[in-house]
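work.txt (compact mmCIF, N, CA and C atoms and all ligand atoms) appears below.
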# COMPACT_ATOMS: atom_id res chain seq x y z
N MET A 15 -37.69 -10.85 19.94
CA MET A 15 -37.23 -9.51 19.51
C MET A 15 -35.83 -9.22 20.05
N THR A 16 -35.68 -9.31 21.38
CA THR A 16 -34.35 -8.99 21.93
C THR A 16 -33.29 -9.98 21.45
N ARG A 17 -33.68 -11.26 21.34
CA ARG A 17 -32.70 -12.25 20.87
C ARG A 17 -32.21 -11.92 19.48
N ILE A 18 -33.16 -11.55 18.65
CA ILE A 18 -32.79 -11.22 17.26
C ILE A 18 -31.90 -9.98 17.24
N THR A 19 -32.24 -9.01 18.08
CA THR A 19 -31.41 -7.80 18.15
C THR A 19 -29.99 -8.15 18.58
N ILE A 20 -29.89 -8.96 19.62
CA ILE A 20 -28.56 -9.33 20.13
C ILE A 20 -27.80 -10.10 19.06
N LEU A 21 -28.48 -10.99 18.40
CA LEU A 21 -27.85 -11.79 17.34
C LEU A 21 -27.33 -10.87 16.22
N THR A 22 -28.19 -9.94 15.82
CA THR A 22 -27.80 -9.02 14.74
C THR A 22 -26.58 -8.21 15.14
N ILE A 23 -26.62 -7.68 16.36
CA ILE A 23 -25.49 -6.86 16.84
C ILE A 23 -24.22 -7.71 16.88
N THR A 24 -24.35 -8.95 17.36
CA THR A 24 -23.18 -9.82 17.43
C THR A 24 -22.60 -10.06 16.03
N ILE A 25 -23.47 -10.32 15.09
CA ILE A 25 -22.99 -10.59 13.73
C ILE A 25 -22.28 -9.36 13.15
N ILE A 26 -22.86 -8.19 13.36
CA ILE A 26 -22.24 -6.96 12.86
C ILE A 26 -20.88 -6.76 13.52
N PHE A 27 -20.85 -6.97 14.85
CA PHE A 27 -19.61 -6.78 15.60
C PHE A 27 -18.51 -7.72 15.10
N VAL A 28 -18.85 -9.00 14.99
CA VAL A 28 -17.86 -9.99 14.53
C VAL A 28 -17.39 -9.61 13.12
N GLY A 29 -18.32 -9.20 12.29
CA GLY A 29 -17.96 -8.80 10.93
C GLY A 29 -17.00 -7.63 10.94
N LEU A 30 -17.27 -6.65 11.78
CA LEU A 30 -16.41 -5.47 11.85
C LEU A 30 -15.01 -5.84 12.30
N VAL A 31 -14.93 -6.66 13.35
CA VAL A 31 -13.61 -7.06 13.87
C VAL A 31 -12.87 -7.82 12.78
N PHE A 32 -13.61 -8.70 12.11
CA PHE A 32 -13.00 -9.54 11.09
C PHE A 32 -12.44 -8.72 9.94
N PHE A 33 -13.22 -7.76 9.48
CA PHE A 33 -12.79 -7.03 8.29
C PHE A 33 -11.95 -5.78 8.58
N SER A 34 -12.05 -5.23 9.78
CA SER A 34 -11.33 -3.98 10.03
C SER A 34 -9.85 -4.21 10.27
N ASN A 35 -9.49 -5.35 10.85
CA ASN A 35 -8.09 -5.57 11.21
C ASN A 35 -7.19 -5.67 10.00
N ASP A 36 -7.63 -6.37 9.02
CA ASP A 36 -6.73 -6.78 7.98
C ASP A 36 -7.44 -6.90 6.65
N ILE A 37 -7.11 -6.01 5.72
CA ILE A 37 -7.70 -6.19 4.40
C ILE A 37 -6.58 -6.34 3.39
N LYS A 38 -5.46 -6.88 3.84
CA LYS A 38 -4.30 -6.90 2.95
C LYS A 38 -4.13 -8.20 2.18
N ASP A 39 -5.14 -9.06 2.21
CA ASP A 39 -4.94 -10.35 1.57
C ASP A 39 -5.12 -10.33 0.05
N ILE A 40 -5.10 -9.16 -0.56
CA ILE A 40 -5.24 -9.10 -2.01
C ILE A 40 -3.91 -9.50 -2.67
N TYR A 41 -2.83 -8.85 -2.25
CA TYR A 41 -1.50 -9.15 -2.77
C TYR A 41 -0.52 -9.11 -1.62
N ASP A 42 0.38 -10.04 -1.55
CA ASP A 42 1.31 -10.02 -0.41
C ASP A 42 2.75 -9.84 -0.84
N GLY A 43 2.97 -9.36 -2.03
CA GLY A 43 4.34 -9.12 -2.44
C GLY A 43 4.82 -10.16 -3.44
N THR A 44 4.35 -11.37 -3.32
CA THR A 44 4.79 -12.39 -4.27
C THR A 44 3.62 -13.05 -4.97
N GLN A 45 2.48 -13.09 -4.29
CA GLN A 45 1.35 -13.80 -4.89
C GLN A 45 0.63 -12.95 -5.93
N LYS A 46 0.02 -13.63 -6.86
CA LYS A 46 -0.84 -13.03 -7.87
C LYS A 46 -0.13 -12.05 -8.78
N ILE A 47 1.21 -12.06 -8.78
CA ILE A 47 1.93 -11.14 -9.64
C ILE A 47 1.58 -11.42 -11.09
N SER A 48 1.50 -12.69 -11.43
CA SER A 48 1.26 -13.06 -12.81
C SER A 48 -0.11 -12.59 -13.29
N SER A 49 -1.05 -12.39 -12.35
CA SER A 49 -2.38 -11.99 -12.78
C SER A 49 -2.50 -10.47 -12.96
N LEU A 50 -1.44 -9.73 -12.64
CA LEU A 50 -1.50 -8.28 -12.84
C LEU A 50 -1.01 -7.94 -14.25
N PRO A 51 -1.77 -7.12 -14.97
CA PRO A 51 -1.31 -6.75 -16.31
C PRO A 51 -0.05 -5.89 -16.25
N LYS A 52 0.80 -6.03 -17.23
CA LYS A 52 2.04 -5.26 -17.27
C LYS A 52 1.72 -3.77 -17.32
N ALA A 53 2.41 -2.98 -16.47
CA ALA A 53 2.13 -1.54 -16.42
C ALA A 53 2.80 -0.81 -17.58
N GLU A 54 2.23 0.33 -17.93
CA GLU A 54 2.86 1.20 -18.94
C GLU A 54 4.17 1.74 -18.40
N ALA A 55 5.08 2.16 -19.29
CA ALA A 55 6.33 2.77 -18.85
C ALA A 55 6.02 4.10 -18.15
N ALA A 56 6.88 4.48 -17.19
CA ALA A 56 6.64 5.71 -16.45
C ALA A 56 6.86 6.93 -17.35
N ASP A 57 6.15 8.00 -17.06
CA ASP A 57 6.32 9.27 -17.76
C ASP A 57 7.69 9.85 -17.39
N PRO A 58 8.59 10.02 -18.38
CA PRO A 58 9.95 10.47 -18.06
C PRO A 58 10.01 11.90 -17.50
N SER A 59 8.94 12.67 -17.66
CA SER A 59 8.99 14.04 -17.15
C SER A 59 8.75 14.10 -15.64
N ILE A 60 8.40 12.97 -15.03
CA ILE A 60 8.19 12.97 -13.57
C ILE A 60 9.48 12.55 -12.88
N ASP A 61 9.91 13.36 -11.93
CA ASP A 61 11.13 13.05 -11.18
C ASP A 61 10.75 12.18 -9.98
N ALA A 62 10.69 10.87 -10.22
CA ALA A 62 10.21 9.94 -9.20
C ALA A 62 11.11 9.91 -7.98
N ARG A 63 12.40 10.11 -8.22
CA ARG A 63 13.34 10.06 -7.11
C ARG A 63 13.06 11.19 -6.11
N SER A 64 12.91 12.42 -6.61
CA SER A 64 12.62 13.54 -5.71
C SER A 64 11.27 13.35 -5.03
N LEU A 65 10.32 12.85 -5.80
CA LEU A 65 8.98 12.63 -5.24
C LEU A 65 9.08 11.64 -4.07
N TYR A 66 9.81 10.56 -4.30
CA TYR A 66 9.99 9.56 -3.24
C TYR A 66 10.73 10.18 -2.04
N ASN A 67 11.84 10.87 -2.35
CA ASN A 67 12.62 11.44 -1.25
C ASN A 67 11.82 12.44 -0.43
N ASN A 68 10.97 13.22 -1.10
CA ASN A 68 10.18 14.22 -0.38
C ASN A 68 9.03 13.61 0.40
N LYS A 69 8.37 12.62 -0.19
CA LYS A 69 7.11 12.17 0.38
C LYS A 69 7.17 10.84 1.11
N CYS A 70 8.15 10.02 0.83
CA CYS A 70 8.10 8.64 1.35
C CYS A 70 9.33 8.25 2.16
N MET A 71 10.46 8.88 1.88
CA MET A 71 11.73 8.44 2.44
C MET A 71 11.77 8.43 3.96
N LYS A 72 11.12 9.41 4.58
CA LYS A 72 11.25 9.49 6.04
C LYS A 72 10.72 8.23 6.73
N CYS A 73 9.77 7.55 6.15
CA CYS A 73 9.25 6.32 6.75
C CYS A 73 9.82 5.06 6.10
N HIS A 74 10.13 5.12 4.81
CA HIS A 74 10.52 3.89 4.11
C HIS A 74 12.01 3.80 3.84
N GLY A 75 12.78 4.79 4.31
CA GLY A 75 14.24 4.71 4.18
C GLY A 75 14.74 5.26 2.85
N LYS A 76 16.00 5.68 2.87
CA LYS A 76 16.59 6.34 1.70
C LYS A 76 16.49 5.48 0.45
N MET A 77 16.77 4.18 0.58
CA MET A 77 16.74 3.29 -0.58
C MET A 77 15.53 2.35 -0.56
N GLY A 78 14.50 2.71 0.20
CA GLY A 78 13.30 1.87 0.23
C GLY A 78 13.50 0.56 0.96
N THR A 79 14.50 0.52 1.83
CA THR A 79 14.81 -0.76 2.49
C THR A 79 14.38 -0.80 3.95
N GLN A 80 13.77 0.27 4.43
CA GLN A 80 13.27 0.22 5.81
C GLN A 80 12.04 -0.68 5.84
N LYS A 81 12.04 -1.65 6.73
CA LYS A 81 10.95 -2.63 6.72
C LYS A 81 9.64 -2.00 7.22
N VAL A 82 8.58 -2.31 6.53
CA VAL A 82 7.25 -1.81 6.90
C VAL A 82 6.80 -2.52 8.18
N PRO A 83 6.27 -1.77 9.17
CA PRO A 83 5.81 -2.42 10.39
C PRO A 83 4.79 -3.51 10.08
N ALA A 84 4.76 -4.50 10.89
CA ALA A 84 3.80 -5.62 10.78
C ALA A 84 4.11 -6.60 9.66
N THR A 85 4.25 -6.11 8.41
CA THR A 85 4.48 -7.07 7.33
C THR A 85 5.96 -7.41 7.20
N GLY A 86 6.84 -6.49 7.64
CA GLY A 86 8.27 -6.73 7.49
C GLY A 86 8.75 -6.68 6.05
N LEU A 87 7.90 -6.15 5.16
CA LEU A 87 8.29 -6.09 3.75
C LEU A 87 9.01 -4.78 3.44
N GLU A 88 9.96 -4.84 2.53
CA GLU A 88 10.62 -3.63 2.04
C GLU A 88 9.97 -3.22 0.73
N LEU A 89 9.99 -1.93 0.43
CA LEU A 89 9.43 -1.49 -0.84
C LEU A 89 10.39 -1.80 -1.99
N ALA A 90 11.70 -1.60 -1.72
CA ALA A 90 12.69 -1.77 -2.77
C ALA A 90 12.65 -3.18 -3.34
N GLY A 91 12.62 -3.25 -4.65
CA GLY A 91 12.71 -4.55 -5.30
C GLY A 91 11.39 -5.28 -5.49
N GLN A 92 10.30 -4.80 -4.93
CA GLN A 92 9.01 -5.44 -5.26
C GLN A 92 8.70 -5.07 -6.71
N SER A 93 7.89 -5.88 -7.36
CA SER A 93 7.65 -5.58 -8.77
C SER A 93 6.82 -4.31 -8.91
N LYS A 94 7.03 -3.62 -10.01
CA LYS A 94 6.34 -2.36 -10.26
C LYS A 94 4.82 -2.55 -10.19
N GLU A 95 4.34 -3.62 -10.80
CA GLU A 95 2.89 -3.84 -10.85
C GLU A 95 2.32 -4.05 -9.44
N VAL A 96 3.04 -4.82 -8.61
CA VAL A 96 2.57 -5.07 -7.25
C VAL A 96 2.56 -3.77 -6.44
N LEU A 97 3.62 -2.97 -6.60
CA LEU A 97 3.67 -1.70 -5.86
C LEU A 97 2.52 -0.79 -6.29
N MET A 98 2.27 -0.73 -7.59
CA MET A 98 1.17 0.12 -8.07
C MET A 98 -0.16 -0.36 -7.48
N GLU A 99 -0.33 -1.67 -7.46
CA GLU A 99 -1.58 -2.24 -6.95
C GLU A 99 -1.75 -1.90 -5.46
N LYS A 100 -0.63 -1.98 -4.72
CA LYS A 100 -0.71 -1.69 -3.29
C LYS A 100 -0.99 -0.21 -3.04
N ILE A 101 -0.27 0.66 -3.77
CA ILE A 101 -0.46 2.09 -3.56
C ILE A 101 -1.90 2.49 -3.95
N ASN A 102 -2.36 1.97 -5.09
CA ASN A 102 -3.75 2.25 -5.47
C ASN A 102 -4.72 1.65 -4.47
N GLY A 103 -4.34 0.50 -3.91
CA GLY A 103 -5.17 -0.13 -2.88
C GLY A 103 -5.29 0.74 -1.64
N TYR A 104 -4.20 1.39 -1.26
CA TYR A 104 -4.27 2.32 -0.12
C TYR A 104 -5.15 3.52 -0.48
N LYS A 105 -4.98 4.03 -1.71
CA LYS A 105 -5.78 5.18 -2.12
C LYS A 105 -7.27 4.86 -2.05
N GLU A 106 -7.59 3.65 -2.48
CA GLU A 106 -9.01 3.25 -2.54
C GLU A 106 -9.46 2.49 -1.31
N LEU A 107 -8.62 2.45 -0.28
CA LEU A 107 -8.93 1.79 1.00
C LEU A 107 -9.30 0.32 0.84
N ARG A 108 -8.58 -0.38 -0.05
CA ARG A 108 -8.86 -1.82 -0.18
C ARG A 108 -7.60 -2.65 0.03
N TYR A 109 -6.52 -2.04 0.48
CA TYR A 109 -5.31 -2.79 0.80
C TYR A 109 -4.73 -2.23 2.08
N GLY A 110 -4.09 -3.09 2.86
CA GLY A 110 -3.34 -2.60 4.00
C GLY A 110 -3.61 -3.35 5.28
N GLY A 111 -2.76 -3.08 6.27
CA GLY A 111 -2.90 -3.66 7.59
C GLY A 111 -3.44 -2.62 8.55
N LYS A 112 -3.10 -2.77 9.82
CA LYS A 112 -3.65 -1.89 10.85
C LYS A 112 -3.27 -0.42 10.65
N LEU A 113 -2.10 -0.20 10.03
CA LEU A 113 -1.65 1.18 9.87
C LEU A 113 -1.98 1.75 8.49
N ARG A 114 -2.97 1.17 7.83
CA ARG A 114 -3.25 1.63 6.46
C ARG A 114 -3.72 3.07 6.41
N GLY A 115 -4.32 3.55 7.51
CA GLY A 115 -4.76 4.94 7.54
C GLY A 115 -3.59 5.89 7.34
N VAL A 116 -2.44 5.53 7.94
CA VAL A 116 -1.22 6.35 7.81
C VAL A 116 -0.85 6.45 6.34
N MET A 117 -0.89 5.32 5.65
CA MET A 117 -0.46 5.28 4.26
C MET A 117 -1.47 5.94 3.32
N SER A 118 -2.74 5.71 3.57
CA SER A 118 -3.74 6.28 2.67
C SER A 118 -3.58 7.78 2.56
N SER A 119 -3.31 8.43 3.72
CA SER A 119 -3.18 9.88 3.67
C SER A 119 -1.89 10.30 2.95
N GLN A 120 -0.89 9.43 2.93
CA GLN A 120 0.36 9.77 2.23
C GLN A 120 0.19 9.72 0.72
N VAL A 121 -0.61 8.80 0.24
CA VAL A 121 -0.69 8.59 -1.21
C VAL A 121 -1.96 9.13 -1.86
N SER A 122 -2.87 9.65 -1.04
CA SER A 122 -4.15 10.08 -1.61
C SER A 122 -3.99 11.18 -2.65
N GLY A 123 -2.93 11.99 -2.53
CA GLY A 123 -2.77 13.10 -3.47
C GLY A 123 -1.96 12.76 -4.71
N LEU A 124 -1.46 11.53 -4.80
CA LEU A 124 -0.64 11.18 -5.97
C LEU A 124 -1.51 10.96 -7.21
N THR A 125 -1.04 11.46 -8.35
CA THR A 125 -1.76 11.21 -9.60
C THR A 125 -1.41 9.79 -10.08
N PRO A 126 -2.23 9.21 -10.97
CA PRO A 126 -1.90 7.88 -11.49
C PRO A 126 -0.50 7.82 -12.11
N LYS A 127 -0.08 8.88 -12.80
CA LYS A 127 1.25 8.89 -13.40
C LYS A 127 2.35 8.91 -12.35
N GLU A 128 2.08 9.62 -11.23
CA GLU A 128 3.07 9.64 -10.14
C GLU A 128 3.17 8.27 -9.47
N VAL A 129 2.02 7.61 -9.29
CA VAL A 129 2.02 6.26 -8.71
C VAL A 129 2.85 5.33 -9.59
N ASN A 130 2.64 5.43 -10.89
CA ASN A 130 3.38 4.62 -11.84
C ASN A 130 4.88 4.90 -11.72
N ALA A 131 5.27 6.19 -11.72
CA ALA A 131 6.69 6.55 -11.71
C ALA A 131 7.37 6.14 -10.39
N ILE A 132 6.71 6.37 -9.27
CA ILE A 132 7.31 5.99 -7.97
C ILE A 132 7.47 4.47 -7.91
N SER A 133 6.48 3.74 -8.40
CA SER A 133 6.55 2.28 -8.36
C SER A 133 7.70 1.76 -9.21
N GLU A 134 7.87 2.38 -10.39
CA GLU A 134 8.99 1.96 -11.25
C GLU A 134 10.32 2.25 -10.56
N TYR A 135 10.42 3.44 -9.97
CA TYR A 135 11.65 3.82 -9.27
C TYR A 135 11.97 2.81 -8.16
N LEU A 136 10.97 2.49 -7.33
CA LEU A 136 11.20 1.57 -6.20
C LEU A 136 11.54 0.16 -6.67
N SER A 137 10.92 -0.26 -7.76
CA SER A 137 11.15 -1.64 -8.22
C SER A 137 12.60 -1.81 -8.69
N LYS A 138 13.24 -0.69 -9.05
CA LYS A 138 14.61 -0.78 -9.55
C LYS A 138 15.66 -0.47 -8.49
N LEU A 139 15.24 -0.22 -7.27
CA LEU A 139 16.20 0.15 -6.22
C LEU A 139 17.04 -1.04 -5.74
N LYS A 140 16.62 -2.24 -6.09
CA LYS A 140 17.36 -3.39 -5.56
C LYS A 140 17.76 -4.32 -6.69
C1 LIG A 201 4.35 8.55 7.92
C2 LIG A 201 5.08 7.39 7.45
C3 LIG A 201 4.90 6.95 6.02
C4 LIG A 201 5.09 7.70 4.87
C5 LIG A 201 5.50 9.17 4.76
C6 LIG A 201 4.85 6.79 3.77
N1 LIG A 201 4.54 5.55 4.22
FE1 LIG A 201 4.20 3.86 3.11
N2 LIG A 201 3.80 2.81 4.78
C7 LIG A 201 3.81 3.30 6.08
C8 LIG A 201 3.25 2.31 6.99
C9 LIG A 201 3.09 2.48 8.49
C10 LIG A 201 2.90 1.19 6.19
C11 LIG A 201 2.19 -0.08 6.63
C12 LIG A 201 0.68 0.27 6.60
C13 LIG A 201 -0.25 -0.90 6.81
O1 LIG A 201 -0.47 -1.29 7.96
O2 LIG A 201 -0.79 -1.40 5.81
C14 LIG A 201 3.29 1.53 4.82
C15 LIG A 201 3.15 0.66 3.72
C16 LIG A 201 3.46 0.97 2.42
C17 LIG A 201 3.37 0.05 1.29
C18 LIG A 201 2.94 -1.40 1.34
C19 LIG A 201 4.12 -2.29 1.60
C20 LIG A 201 3.75 -3.75 1.46
O3 LIG A 201 4.49 -4.45 0.76
O4 LIG A 201 2.73 -4.18 1.97
C21 LIG A 201 3.72 0.75 0.18
C22 LIG A 201 3.77 0.22 -1.25
C23 LIG A 201 4.05 2.10 0.60
N3 LIG A 201 3.90 2.20 1.96
C24 LIG A 201 4.44 3.12 -0.26
C25 LIG A 201 4.65 4.44 0.13
C26 LIG A 201 4.91 5.53 -0.78
C27 LIG A 201 5.04 5.37 -2.30
C28 LIG A 201 5.02 6.66 -0.03
C29 LIG A 201 5.26 8.09 -0.51
C30 LIG A 201 4.32 8.61 -1.46
C31 LIG A 201 4.85 6.29 1.38
N4 LIG A 201 4.61 4.93 1.42
C32 LIG A 201 4.93 7.17 2.44
C33 LIG A 201 4.28 4.54 6.45
C34 LIG A 201 4.54 5.60 5.60
For this file, produce the structure as structure tokens.
Ligand code: HEC
Amino acid sequence: MTRITILTITIIFVGLVFFSNDIKDIYDGTQKISSLPKAEAADPSIDARSLYNNKCMKCHGKMGTQKVPATGLELAGQSKEVLMEKINGYKELRYGGKLRGVMSSQVSGLTPKEVNAISEYLSKLK
């Protein structure tokens, strides 16, 4: 009985450590781009630049070139589809590194059209 309990607890613990640290292996900026379907064009009535400047610039830099902690990746110039996938991944808690909690709260209020427009804006910054 106790052995099984200890074993079970150990397995749960190892699993938690394994999965809690890093769930960012879905897309890393260059991989699997070809497997993402092409996104629709952004809604022209959304001012993506102001949205970015108001909500994202303080951490990601004026032109999206401030490197993200841990990954060292810049937002500027990543493909629109990859950015959308990452932002939606943060919203749905299936993408990110140790600081994903910070990001999830930043993007949780964005509508799908806003995610699309911000991603298009960032992909063209470089
Ligand atoms: C309070 C600071 C902060 C704000 C504001 C912020 N971010 Fe982030 N962002 C981060 C951090 C920290 C990470 C790395 C999180 C992790 O560990 O996964 C990150 C990561 C990202 C990534 C993933 C980069 C990659 O290639 O892996 C994207 C995309 C992103 N942010 C987009 C945005 C957008 C769009 C906004 C505005 C709606 C925004 N962020 C606002 C701090 C911020």
Contact check, chain A to ligand LIG 201 (chain A), at most 7 Å, counting only C-alpha atoms and all ligand atoms, closest pairs as JSON lines:
{"residue": "A:Asp42", "atom": "CA", "partner": "A:LIG201", "partner_atom": "O4", "distance": 6.5}
{"residue": "A:Gly43", "atom": "CA", "partner": "A:LIG201", "partner_atom": "O3", "distance": 5.7}
{"residue": "A:Tyr66", "atom": "CA", "partner": "A:LIG201", "partner_atom": "C29", "distance": 5.7}
{"residue": "A:Lys69", "atom": "CA", "partner": "A:LIG201", "partner_atom": "C29", "distance": 4.6}
{"residue": "A:Cys70", "atom": "CA", "partner": "A:LIG201", "partner_atom": "C29", "distance": 3.4}
{"residue": "A:Met71", "atom": "CA", "partner": "A:LIG201", "partner_atom": "C5", "distance": 6.7}
{"residue": "A:Lys72", "atom": "CA", "partner": "A:LIG201", "partner_atom": "C5", "distance": 5.9}
{"residue": "A:Cys73", "atom": "CA", "partner": "A:LIG201", "partner_atom": "C2", "distance": 4.4}
{"residue": "A:His74", "atom": "CA", "partner": "A:LIG201", "partner_atom": "N1", "distance": 6.2}
{"residue": "A:Val82", "atom": "CA", "partner": "A:LIG201", "partner_atom": "C10", "distance": 5.3}
{"residue": "A:Pro83", "atom": "CA", "partner": "A:LIG201", "partner_atom": "C11", "distance": 5.7}
{"residue": "A:Ala84", "atom": "CA", "partner": "A:LIG201", "partner_atom": "O1", "distance": 6.7}
{"residue": "A:Thr85", "atom": "CA", "partner": "A:LIG201", "partner_atom": "O4", "distance": 6.3}
{"residue": "A:Leu87", "atom": "CA", "partner": "A:LIG201", "partner_atom": "O3", "distance": 5.1}
{"residue": "A:Glu88", "atom": "CA", "partner": "A:LIG201", "partner_atom": "O3", "distance": 6.3}
{"residue": "A:Leu89", "atom": "CA", "partner": "A:LIG201", "partner_atom": "C19", "distance": 5.9}
{"residue": "A:Leu97", "atom": "CA", "partner": "A:LIG201", "partner_atom": "C22", "distance": 5.0}
{"residue": "A:Lys100", "atom": "CA", "partner": "A:LIG201", "partner_atom": "C22", "distance": 5.3}
{"residue": "A:Ile101", "atom": "CA", "partner": "A:LIG201", "partner_atom": "C22", "distance": 5.2}
{"residue": "A:Tyr109", "atom": "CA", "partner": "A:LIG201", "partner_atom": "O2", "distance": 6.9}
{"residue": "A:Gly110", "atom": "CA", "partner": "A:LIG201", "partner_atom": "O2", "distance": 3.3}
{"residue": "A:Gly111", "atom": "CA", "partner": "A:LIG201", "partner_atom": "O1", "distance": 3.4}
{"residue": "A:Lys112", "atom": "CA", "partner": "A:LIG201", "partner_atom": "O1", "distance": 4.3}
{"residue": "A:Leu113", "atom": "CA", "partner": "A:LIG201", "partner_atom": "O1", "distance": 3.3}
{"residue": "A:Arg114", "atom": "CA", "partner": "A:LIG201", "partner_atom": "C13", "distance": 3.9}
{"residue": "A:Val116", "atom": "CA", "partner": "A:LIG201", "partner_atom": "C9", "distance": 5.8}
{"residue": "A:Met117", "atom": "CA", "partner": "A:LIG201", "partner_atom": "N2", "distance": 5.0}
{"residue": "A:Gln120", "atom": "CA", "partner": "A:LIG201", "partner_atom": "C32", "distance": 5.3}
{"residue": "A:Val121", "atom": "CA", "partner": "A:LIG201", "partner_atom": "C30", "distance": 5.0}
{"residue": "A:Ile132", "atom": "CA", "partner": "A:LIG201", "partner_atom": "C27", "distance": 6.1}
{"residue": "A:Ser133", "atom": "CA", "partner": "A:LIG201", "partner_atom": "C27", "distance": 7.0}
Computed interatomic separation between atom N of Ala131 in chain A and atom N of Lys81 in chain A (Å):
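About the pair atom N of Ala131 in chain A and atom N of Lys81 in chain A: they are 21.2 Å apart.
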Pick from A:Arg63, A:Lys76, A:Arg108, A:Lys138 nearest to Lys94 in chain A, counting all atoms listed in the file:
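Selected residue with least distance to Lys94 in chain A: A:Lys138.
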Could you check which of A:Val129, A:Ala90, A:Met77, A:Leu139 is closest to Asn102 in chain A, using only N, CA and C atoms?
A:Val129
Can you measure CA of Ala56 in chain A to CA of Gln80 in chain A for me? One decimal in Å is fine.
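Answer for the CA of Ala56 in chain A to CA of Gln80 in chain A separation: 23.9 Å.
The shortest atom-to-atom distance to Ala62 in chain A, with all atoms listed in the file taken into account, belongs to A:Glu128 out of A:Glu99, A:Glu128, A:Gln92, A:Lys140.
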Proximity to Pro58 in chain A - best of A:Gly86, A:Ile20, A:Ser93, A:Asn130, only C-alpha atoms
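When distances to Pro58 in chain A are compared using only C-alpha atoms, the smallest one comes from A:Asn130.
Here CA of Gly123 in chain A and atom C of Ser49 in chain A stand 25.4 Å from one another.
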Residue among A:Ser118, A:Ser64, A:Leu136, A:Gly91 lying closest to Gly103 in chain A, counting all atoms listed in the file
A:Ser118
Could you give me, as an MDAnalysis selection string, the residues within 8 Å of Ser122 in chain A, counting all atoms listed in the file and dropping anything in the same chain fewer than 6 positions from it?
chainID A and resid 101 104:106
Selected residues, N, CA and C atoms, written as a JSON list (two decimals), in the frame of the given file, please.
[["chain", "number", "residue", "atom", "x", "y", "z"],
["A", 101, "ILE", "N", -0.27, 0.66, -3.77],
["A", 101, "ILE", "CA", -0.46, 2.09, -3.56],
["A", 101, "ILE", "C", -1.90, 2.49, -3.95],
["A", 104, "TYR", "N", -4.20, 1.39, -1.26],
["A", 104, "TYR", "CA", -4.27, 2.32, -0.12],
["A", 104, "TYR", "C", -5.15, 3.52, -0.48],
["A", 105, "LYS", "N", -4.98, 4.03, -1.71],
["A", 105, "LYS", "CA", -5.78, 5.18, -2.12],
["A", 105, "LYS", "C", -7.27, 4.86, -2.05],
["A", 106, "GLU", "N", -7.59, 3.65, -2.48],
["A", 106, "GLU", "CA", -9.01, 3.25, -2.54],
["A", 106, "GLU", "C", -9.46, 2.49, -1.31]]
